[in-house]
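Everything below concerns the one structure shown next.
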Amino acid sequence: MNDPVAVIGAGPYGLSTAAHLRARGLPVRVFGEPMVSWREQMPAGMLLKSTPVASNIDAPQPGHTLLDYCHAVGGKRYESDWDIVPVETFSAYGLWFQERLVPDLERVRVVAVDRRGGRFELKLDSGEQFTARAVVVASGLSGLAHLPREIAAAVPDGPSAAGPVSHSSQHHDLGRFTGRQVAVVGAGQSALESAVLLAEAGAASVRVVARGPRAVAFGAPPDRQPRLRPESPFGRAWSLYALSYHAVGFRRLPASAREYLVRRVLGPKGAWWLRDRFAGRVQVTQGQHISRVTVADDGRPVVLSLRGAGGRTSELAADHVIAATGYRMSVSALDFIGPELRSEVVTSAGGPWLDAGYRSSVPGLYFTGLPAAASFGPLMRFVCGTEYASPRLARALAAAHG
């Protein structure tokens, strides 16, 4: 049985999974542009919310942590909880990881996956077709950007960086908004940091529209973490400890609870180091529901119709609206998986229902990273989740298909 395992995606989860599968002697083909979301779909100058120790891509052998990369290239060492990692540094670390552990990465796109006779048939955008014994979907955030329906209704052709409404994932250079009025919808790290970067890039005015009832919030610095609670990659709390190190138990929760926790745990909140940069630079409108978005014929301005407590209404105009409204997992959005095969994937809590080894209801089809969050919890939204997911997935796949 010489058919390889196909890994779709070359971000942290795809690279980590591929490294673990190879360490077990399995033939693997890995597809995608390495670290593409980090290199092209995040604003230049963005900093990671996660600490250095929570930013390691898991490998089956020592010597491949973020700190190992810093030593190898002779750059600044990121090791303390007070050290803040630039996205450019993390992207370079991912490329370094890939060059060492997945050197034969194929920079092509998988356009179709189907299953016939117990084997998977894949087609690449190069025109090649081949058969795989198993498929691991590690496609990250691709195709999963979420727009609330009130915003999506204003742009029937979809959000666009060059249009009146965009998603935060569509911007790498925020300098294009110099001298313009921008509204950022959202209250999480992406929204708050994008707003700060816009202001620092020379936008005429920046306003965050926080739809929840609570004020914009920021996390506590390392020296203000609770001392009598266990450590986790996300801070000190019993709940975070359980979600980080016992994620398999998350599967036992009711679907409604799992869906709620994936969306709400660890957010929305800005990083502790962003507070000072935010204050005085960014205006905030909070506790407002967006009832409608209207775009003028020439694309300017964009008007947000807002409704607050007690039914009070108001309007907010901007030259451009950036929806920093996150990502939503949907198996239907993974359009490279054939429709017949997609229909066989049992879903729960918004994502594929996976067993303890990350296998879906379709034998040989595995999911990791964000698609696995519905089964294993919010840990799968973060890079540090590779330490939990990759060895377990590789062990289960090797036992079933080795």
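Ordered as shown in the structure tokens, chains take letters A, B, and onward, while each chain numbers its residues from 1 and ligands are numbered from 1 in the order shown.
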Those of segment 84-280 of chain A in DSSP helix (DSSP H, G or I), formatted as number ranges by chain
A: 87-101, 149-152, 168-170, 174-177, 189-200, 222-224, 238-245, 247-252, 255-264, 272-278
Spatial neighbours of Tyr78 of chain A, max dist 9 Å, only C-alpha atoms, sep filter under 6 positions, as a list of chain:residue names
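In the requested format, the answer is A:Thr51, A:Pro52, A:Val53, A:Leu66, A:Leu67, A:Cys70, A:Ile84, A:Val85.
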For segment 156-162 of chain A, find every residue with an atom within 8 Å (counting only C-alpha atoms), except residues of its own chain fewer than 5 positions away, and show them as a list in words.
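Counting only the stated atoms, we get His167, Gln170 and His171 of chain A.
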Just to be explicit: take each residue in the selection above, keep N, CA, C and O atoms, and write the result as a PDB file, in the first residue's frame.
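Full text of result17.pdb as output:
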ATOM      1  N   HIS A 167     -13.250  42.448   5.164  1.00  0.00           N
ATOM      2  CA  HIS A 167     -12.992  41.646   6.359  1.00  0.00           C
ATOM      3  C   HIS A 167     -11.543  41.896   6.765  1.00  0.00           C
ATOM      4  O   HIS A 167     -10.686  42.155   5.919  1.00  0.00           O
ATOM      5  N   GLN A 170      -8.447  40.601   4.923  1.00  0.00           N
ATOM      6  CA  GLN A 170      -8.131  41.042   3.557  1.00  0.00           C
ATOM      7  C   GLN A 170      -7.114  42.180   3.520  1.00  0.00           C
ATOM      8  O   GLN A 170      -6.888  42.768   2.469  1.00  0.00           O
ATOM      9  N   HIS A 171      -6.491  42.459   4.657  1.00  0.00           N
ATOM     10  CA  HIS A 171      -5.569  43.598   4.698  1.00  0.00           C
ATOM     11  C   HIS A 171      -4.198  43.195   5.209  1.00  0.00           C
ATOM     12  O   HIS A 171      -4.071  42.577   6.271  1.00  0.00           O
TER      13      HIS A 171
END
Quick one: everything within 10 Å of Ser194 of chain A, counting only C-alpha atoms, minus sequence neighbours fewer than 4 positions away in the same chain. Send it as an NGL selection string.
:A and (42-46 or 168 or 171 or 174 or 184 or 188-190 or 198-200 or 206 or 208 or 322 or 324)
Could you write out the selected residues, including C-alpha atoms, as a CSV table (one decimal), in the first residue's frame?
chain,number,residue,atom,x,y,z
A,42,MET,CA,-2.6,39.9,8.7
A,43,PRO,CA,-1.6,43.6,8.9
A,44,ALA,CA,2.1,44.4,8.8
A,45,GLY,CA,3.3,45.4,12.2
A,46,MET,CA,0.8,43.2,14.0
A,168,SER,CA,-9.9,42.1,8.5
A,171,HIS,CA,-5.6,43.6,4.7
A,174,LEU,CA,-3.2,49.5,6.3
A,184,VAL,CA,-13.9,48.7,12.7
A,188,GLY,CA,-11.6,41.2,20.0
A,189,GLN,CA,-7.8,41.4,19.5
A,190,SER,CA,-8.1,41.6,15.7
A,198,LEU,CA,-4.9,52.2,11.3
A,199,ALA,CA,-4.5,55.2,13.6
A,200,GLU,CA,-0.7,54.8,13.6
A,206,VAL,CA,-10.8,55.4,13.6
A,208,VAL,CA,-14.4,50.7,16.9
A,322,ILE,CA,-13.6,46.7,8.3
A,324,ALA,CA,-13.1,42.2,12.4
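For Gly369 of chain A, the set of protein, DNA and RNA residues having any atom at most 7 Å away, when counting only C-alpha atoms and skipping those fewer than 6 positions along the same chain, is Tyr13, Ala138, Gly140, Met380 and Arg381 of chain A.
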Could you check which of A:Val383, A:Val113, A:Leu47, A:Leu144 is closest to Leu274 of chain A, using only C-alpha atoms?
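Comparing A:Val383, A:Val113, A:Leu47, A:Leu144 against Leu274 of chain A, the winner is A:Leu47.
The smallest atom-to-atom distance between Leu95 of chain A and any of A:Leu266, A:Lys123, A:Pro12, A:Val165, using only C-alpha atoms, is found for A:Pro12.
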Distance in Å - atom CA of Gly117 of chain A versus atom CA of Tyr358 of chain A:
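If I compute the distance from atom CA of Gly117 of chain A to atom CA of Tyr358 of chain A, I get 21.8 Å.
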List every residue of segment 49-159 of chain A that has an atom at most 10 Å from any atom of segment 328-348 of chain A, and for each one report the closest atom pair and its distance in Å to one decimal, counting only C-alpha atoms, with rows sorted by chain and then by increasing residue number, as a tab-separated table.
residue	atom	partner	partner_atom	distance
A:Arg109	CA	A:Phe336	CA	9.4
A:Val110	CA	A:Phe336	CA	6.7
A:Val111	CA	A:Phe336	CA	4.9
A:Ala112	CA	A:Phe336	CA	4.6
A:Val113	CA	A:Ile337	CA	4.8
A:Asp114	CA	A:Gly338	CA	5.4
A:Arg115	CA	A:Leu341	CA	6.7
A:Arg116	CA	A:Leu341	CA	9.6
A:Phe120	CA	A:Leu341	CA	9.9
A:Leu122	CA	A:Ile337	CA	9.2
A:Lys123	CA	A:Phe336	CA	9.2
A:Leu124	CA	A:Phe336	CA	9.9
A:Val137	CA	A:Leu334	CA	9.3
A:Ser139	CA	A:Leu334	CA	8.6
A:Gly140	CA	A:Met329	CA	9.9
A:Leu141	CA	A:Met329	CA	8.5
A:Ser142	CA	A:Leu334	CA	8.4
A:Gly143	CA	A:Ala333	CA	6.1
A:Leu144	CA	A:Arg328	CA	5.5
A:Ala145	CA	A:Arg328	CA	6.5
A:His146	CA	A:Arg328	CA	5.7
A:Leu147	CA	A:Arg328	CA	9.2
Report the residues of segment 25-184 of chain A whose backbone DSSP state falls under strand (DSSP E or B), written as a PyMOL selection string.
chain A and resi 28-31+47+86+106+110-116+119-124+129-132+134-137+145+165-167+181-184
